[in-house]
Amino acid sequence: MREDANSLLPPIFREIVANTESPFLQPIVEYQCEKMVFGRTILIGDAAFTLRPHIGVGVSEAAGDAATLAQAFGDGERIVDHKLETWEAARIRFGQAAQNAKQRELSAHYRQADVVLDGIAAADPYRHLDL
């Protein structure tokens with residue numbers, strides 16, 4: 001890792017790698033829940049659906065989850081289980097649709113020859129940056 005850093009990275013990043021005593025890797029994965037409501041506990045935002053690459057969508061998702069949850073209970077009725085089931089089904093459909101749309105967007109982007117050549121297959125992945 002340190003050898004690769006020295007040969008591939010800009011100076012500031014080489015220094016960071018060299019001075020990191022115990023490096024670690026953080027995998028980037030997508031997550032799609034099948035259930036959001038667990039008794040009195042509810043998953044929202046990134047806890048329910050994590051899109052890759054991480055672009056801060058979790059905050060918007062969490063806000064949407066919270067807003068629609070508030071709307072579900074806005075009429076003052078106390079039929080909690082039914083309202084939570086209805087809310088959960090709608091938000092799972094929304095999260096799945098968002099992930100599917102993001103995947104289509106990413107697939108289309110990475111099918112472009114110039115993207116593959118410049119960003120993935122390039123001998124020097126940093127050559128296009130002004131470093």
# chains A, B, ... in the order shown; residues from 1 in each chain; ligands from 1
>>> select_by_dssp(residues="chain A", states="strand (DSSP E or B)", output="list in words")
Tyr31, Gln32, Val37, Phe38, Thr41, Ile42, Phe49 and Thr50 of chain A
>>> write_last_selection(atoms="C-alpha atoms", output="tab-separated table (two decimals), in the first residue's frame")
chain	number	residue	atom	x	y	z
A	31	TYR	CA	-27.80	-1.42	1.46
A	32	GLN	CA	-31.48	-1.95	0.87
A	37	VAL	CA	-40.41	-0.76	11.29
A	38	PHE	CA	-39.41	-2.94	14.22
A	41	THR	CA	-37.96	1.39	16.36
A	42	ILE	CA	-37.94	2.79	12.81
A	49	PHE	CA	-31.20	2.60	2.14
A	50	THR	CA	-27.58	3.43	1.41
>>> atom_distance(atom1="atom CA of A:Ala90", atom2="atom CA of A:Pro27")
28.9 Å
>>> residues_around(residues="A:His82", least_positions_apart="4", cutoff="12 Å", atoms="only C-alpha atoms", output="list in words")
Val37, Ala72, Phe73, Glu77, Arg78, Thr86, Trp87, Glu88 and Ala89 of chain A
>>> residues_around(residues="A:Ala5", least_positions_apart="5", cutoff="10 Å", atoms="only C-alpha atoms", output="list in words")
Pro10, Pro11, Phe13, Arg14, Glu15, Ile16, Val17 and Ala18 of chain A
>>> select_by_dssp(residues="chain A", states="alpha helix (DSSP H)", output="PyMOL selection string")
chain A and resi 2-8+11-19+57-72+80-110+113-115
>>> residues_around(residues="stretch 59-67 of chain A", least_positions_apart="4", cutoff="8 Å", atoms="only C-alpha atoms", output="list in words")
Ile44, Gly45, Asp46, Gln71 and Arg91 of chain A
>>> closest_residue(among="A:Lys83, A:Ala47, A:Ile92, A:Thr20", to="A:Arg2", atoms="only C-alpha atoms")
A:Thr20
>>> closest_residue(among="A:Asp4, A:Asp114, A:Glu85, A:Glu30", to="A:Asn100", atoms="only C-alpha atoms")
A:Glu30
>>> atom_distance(atom1="atom CA of A:Leu25", atom2="atom CA of A:Ile12")
18.7 Å
